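*Asks:* Encoded as structure tokens, here's the structure I'll be asking about.
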Amino acid sequence: MPTWQQLRDLKPAEYTDAADGWGKVSSRSNADKDRVDNGMFAKIHDTQKGETATEATHAVRQLSRNFQYLHTECGLIRTALNGLASELAAPQRKLKQALEDAENLKFTVKPDGSVEYPTDSLVLAPGNNTAEHGAPVPLAPGKGEGVGSADANKGKAEDIAQRIGDAVREATEIDGRYAAALRRLKADPGLDVSDAALVDAAADTKALQQAAGKYADDDKIPHGKSPKENADWWNGLSQEQRDEYATLYPASVGALDGLPSSVRDDANRMVFAETRAQIQTDLNKPAPNQYIPNPNGNYPAVVLSPEYKQWQKDQERLKEQLNGSDSIQARFDATGKEGLPEAYLLGYDKDGIGRAIIANGNPDTADHTAVYVPGTKTNLKNFDEDISRMTDMWRETQTLSPGSNVSTITWFGYDAPQSVLTDATQKDYAYNGSPKLLQFMDGLETAQGGPDNSHTTIIGHSYGSTVVGDASNKGDLAADDIVAVGSPGMLTGRAEDLDVGADHVWSAAATSDVVPAGGKAAGLGGYTWGVETWNGVPFNAGYVQTVPSDELFGAHRMDVDTSGHTSYWERDSESLSNQAKVVIGEYDKVNEDD
């Protein structure tokens with residue numbers, strides 16, 4: 001327990017100076033991690049093959065993990081020291097004011113915090129008395145103890161003693177909170193940061209959240225606000241405050257649309273690394289007893305225990321979550337392969353079917369941005385293909401326009417339907433997903449600095465195009481072009497109804513893709529008056545339902561040379577090339593159906 005003398009002599013600047021040092025180490029570690037992720041992996045792809053490449057990748061991944069751990073732990077120490085200095089300032093001010101009042105009154109503050117004062121009364125004998133912090137029941141503490149006393153100094157002295165005691169008590173509580181959190185912040189010796197260390201780092205973060213809640217509160221982060229409000233909050237913080245919020249509440253900061261992509265990536269990678277370590281740790285937990293005696297006494301004599309059955313379910317769920325994280329990690333490791341730019345993790349959540357938003361290249365500075373919205377059956381346990389579609393899209397843009405500044409994004413930020421026959425026939429998935437898409441697109445535009453700073457194309461595949469259609473119907477979709485691929489319908493009957501205008505709506509559908517017809521059966525299209533045609537030949541008229549691949553819908557219908565519902569992004573295909581031409585704004589080079 002600190003004494004009042006220690007609190008008086010406290011120099012908060014010593015704590016903040018130390019915090020600055022730890023902050024520099026944290027920032028340097030983060031920069032080193034970025035250099036590893038965005039430079040060393042590229043060197044491996046350029047120079048190593050076979051088993052050598054595998055071993056080098058493992059070593060570089062470990063180095064990245066080490067820097068990530070340093071970034072987190074040193075950042076927590078910085079925040080703890082700054083928080084401790086900030087919170088101790090208040091009781092120190094209270095103490096110093098009380099000491100100043102005692103000095104002005106010629107009272108003496110004793111080493112134990114009691115206050116000696118001279119008698120100030122004509123009826124009492126001259127002498128000194130002592131006031132102490134606290135008061136015996138039922139008397140009120142502080143100046144209340146002097147009420148009714150013939151000595152005017154009694155209440156004043158009691159008040160000073162009470163304030164000194166309160167300041168020391170408050171400082172003791174603060175010191176205890178931060179001391180417990182700081183004691184946790186230690187690492188095992190060696191250069192091999194393990195899963196256990198990353199899991200411990202996550203626990204350290206939670207512990208400091210509890211300790212530093214009065215200093216940096218999650219409630220101060222603008223949850224549920226617009227991207228502009230998020231950006232205004234962020235821009236109003238000092239760099240030190242930004243670092244502290246990102247370290248202490250990485251999941252909250254990483255989820256804020258409108259913040260710079262580099263900030264969200266740093267925060268989300270912290271969450272990703274610790275979450276992946278927790279998944280692996282849980283997977284390694286030993287199985288409970290498999291069998292127990294049959295409680296009914298029947299044959300067989302033993303049955304599977306309830307604990308073992310639950311363990312099996314947990315193992316299956318954890319394996320699916322690990323598959324999803326492996327897909328994301330593989331994209332990180334692929335940076336530099338065939339010129340692939342750095343990856344930005346703009347969103348991540350392992351729970352349920354999962355969530356992930358991954359950008360190839362920094363969208364904040366891109367001249368052309370493509371956002372891909374996947375459809376039915378999308379989940380993190382099978383996420384490789386959705387990631388690779390946008391890496392292939394990025395490569396195709398470079399083939400068509402070498403050196404062009406393009407960012408391609410896989411946006412999986414909604415509850416996608418998981419069943420074709422039941423879920424994918426419902427509109428609620430689009431209704432619930434479209435506000436999230438609108439928020440993300442608005443945030444992307446905010447981070448880019450406005451609508452004129454990047455040409456943006458949104459690509460909806462399958463049910464993803466239904467989400468895009470509903471987003472366009474609901475609000476101002478921050479996009480210049482819409483591409484509907486294998487679309488079951490966009491909940492509107494004509495391209496001109498979409499807010500980018502009919503001339504900027506594009507459709508791709510293979511003749512062997514049955515999803516457009518299935519979408520009509522489910523009622524996911526839109527209705528309009530007109531004459532339906534096929535290759536210019538009329539075959540129906542009236543109030544008819546249309547999907548983007550119908551001529552009556554009015555979109556640019558792009559040539560497709562792939563088959564089925566999932567092959568539109570095959571390398572060296574016209575299907576992919578036509579989409580890429582829209583992405584880079586070379587509309588006149590798109591091959592369209594006559």
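Residue names in the structure tokens use chain letters A, B, ... in the order shown, residue numbers from 1 in each chain, and ligand numbers from 1 in the order shown.
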Which neighbours of region 218-228 of chain A fall inside 10 Å, counting only C-alpha atoms, when residues of the same chain fewer than 6 positions from it are skipped, and could you give them as a PyMOL selection string?

*Replies:* chain A and resi 209+234+245+248-249+252-253+255-259+439-447

*Asks:* Using C-alpha atoms, can you export the residues from the last selection as a PDB file, in the first residue's frame?

*Replies:*
```
ATOM      1  CA  GLN A 209      -9.202  -4.276 -20.326  1.00  0.00           C
ATOM      2  CA  TRP A 234     -10.417   8.007 -35.041  1.00  0.00           C
ATOM      3  CA  TYR A 245      -7.326   1.432 -28.448  1.00  0.00           C
ATOM      4  CA  LEU A 248      -6.574  -3.030 -26.002  1.00  0.00           C
ATOM      5  CA  TYR A 249      -9.693  -3.566 -28.155  1.00  0.00           C
ATOM      6  CA  SER A 252     -13.705  -3.519 -31.913  1.00  0.00           C
ATOM      7  CA  VAL A 253     -11.232  -1.373 -33.854  1.00  0.00           C
ATOM      8  CA  ALA A 255     -14.608  -3.992 -37.184  1.00  0.00           C
ATOM      9  CA  LEU A 256     -14.952  -0.225 -37.685  1.00  0.00           C
ATOM     10  CA  ASP A 257     -15.890   0.614 -41.263  1.00  0.00           C
ATOM     11  CA  GLY A 258     -14.378   3.920 -42.324  1.00  0.00           C
ATOM     12  CA  LEU A 259     -11.003   3.457 -40.610  1.00  0.00           C
ATOM     13  CA  GLN A 439     -21.991  -0.079 -44.418  1.00  0.00           C
ATOM     14  CA  PHE A 440     -18.809  -1.719 -45.688  1.00  0.00           C
ATOM     15  CA  MET A 441     -18.974  -0.030 -49.087  1.00  0.00           C
ATOM     16  CA  ASP A 442     -19.640   3.331 -47.452  1.00  0.00           C
ATOM     17  CA  GLY A 443     -16.674   2.730 -45.136  1.00  0.00           C
ATOM     18  CA  LEU A 444     -14.472   1.822 -48.081  1.00  0.00           C
ATOM     19  CA  GLU A 445     -15.380   5.068 -49.814  1.00  0.00           C
ATOM     20  CA  THR A 446     -14.781   7.020 -46.595  1.00  0.00           C
ATOM     21  CA  ALA A 447     -11.316   5.512 -46.134  1.00  0.00           C
TER      22      ALA A 447
END
```

*Asks:* Quick one: residues within 10 Å of His455 (chain A), only C-alpha atoms, excluding same-chain residues fewer than 3 positions away - as a ChimeraX atom specification?

*Replies:* /A:366-370,406,451-452,479-481,582-585

*Asks:* Could you tell me how far CA of Asp572 (chain A) sits from CA of Met40 (chain A), in Å to one decimal place?

*Replies:*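 CA of Met40 (chain A) sits 28.6 Å away from CA of Asp572 (chain A).
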
*Asks:* Do you know which residues are at most 7 Å from region 516-521 of chain A counting only C-alpha atoms, after dropping those on the same chain fewer than 3 positions away, and could you put them as a list in words?

*Replies:*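 Close residues of region 516-521 of chain A: Gly486, Ser487, Pro488, Gly489, Leu524, Gly525, Gln545 and Val547 of chain A.
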
*Asks:* With distances taken over only C-alpha atoms, which residue among A:Ser238, A:Gln426, A:Ser401, A:Asn268 lies nearest Ala343 (chain A)?

*Replies:*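 So, comparing all the options, the nearest one is A:Asn268.
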
*Asks:* Here is a test: counting only C-alpha atoms, which residue of A:Gly501, A:Leu437, A:Gly523, A:His58 is nearest to Ala424 (chain A)?

*Replies:*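 Distance minimum relative to Ala424 (chain A) lands on A:Gly523.
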
*Asks:* Which residues are close to region 158-172 of chain A, i.e. within 7 Å by only C-alpha atoms, leaving aside same-chain residues fewer than 6 positions away? Reply as a PyMOL selection string.

*Replies:* chain A and resi 1-4+88+91-92+94-95+98+102+113-115+131-134+141-143+145

*Asks:* To test your reading of the structure, identify every residue in region 267-511 of chain A that backbone DSSP assigns to alpha helix (DSSP H), and report it as a PyMOL selection string.

*Replies:* chain A and resi 267-283+306-333+384-400+428-448+463-474

*Asks:* Near region 26-30 of chain A, counting only C-alpha atoms, which residues have an atom at most 12 Å away, once you skip same-chain residues fewer than 6 positions from it, shown as a count of residues only?

*Replies:* 35

*Asks:* Could you work out how far CA of Tyr372 (chain A) lies from CA of Glu385 (chain A), giving the answer in Å with one decimal?

*Replies:* 12.1 Å

*Asks:* Ranking A:Lys337, A:Arg183, A:Arg276, A:Lys154 by minimum distance to Lys350 (chain A) and counting only C-alpha atoms, which one comes first?

*Replies:*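 Residue with the minimum atom-to-atom distance to Lys350 (chain A): A:Arg276.
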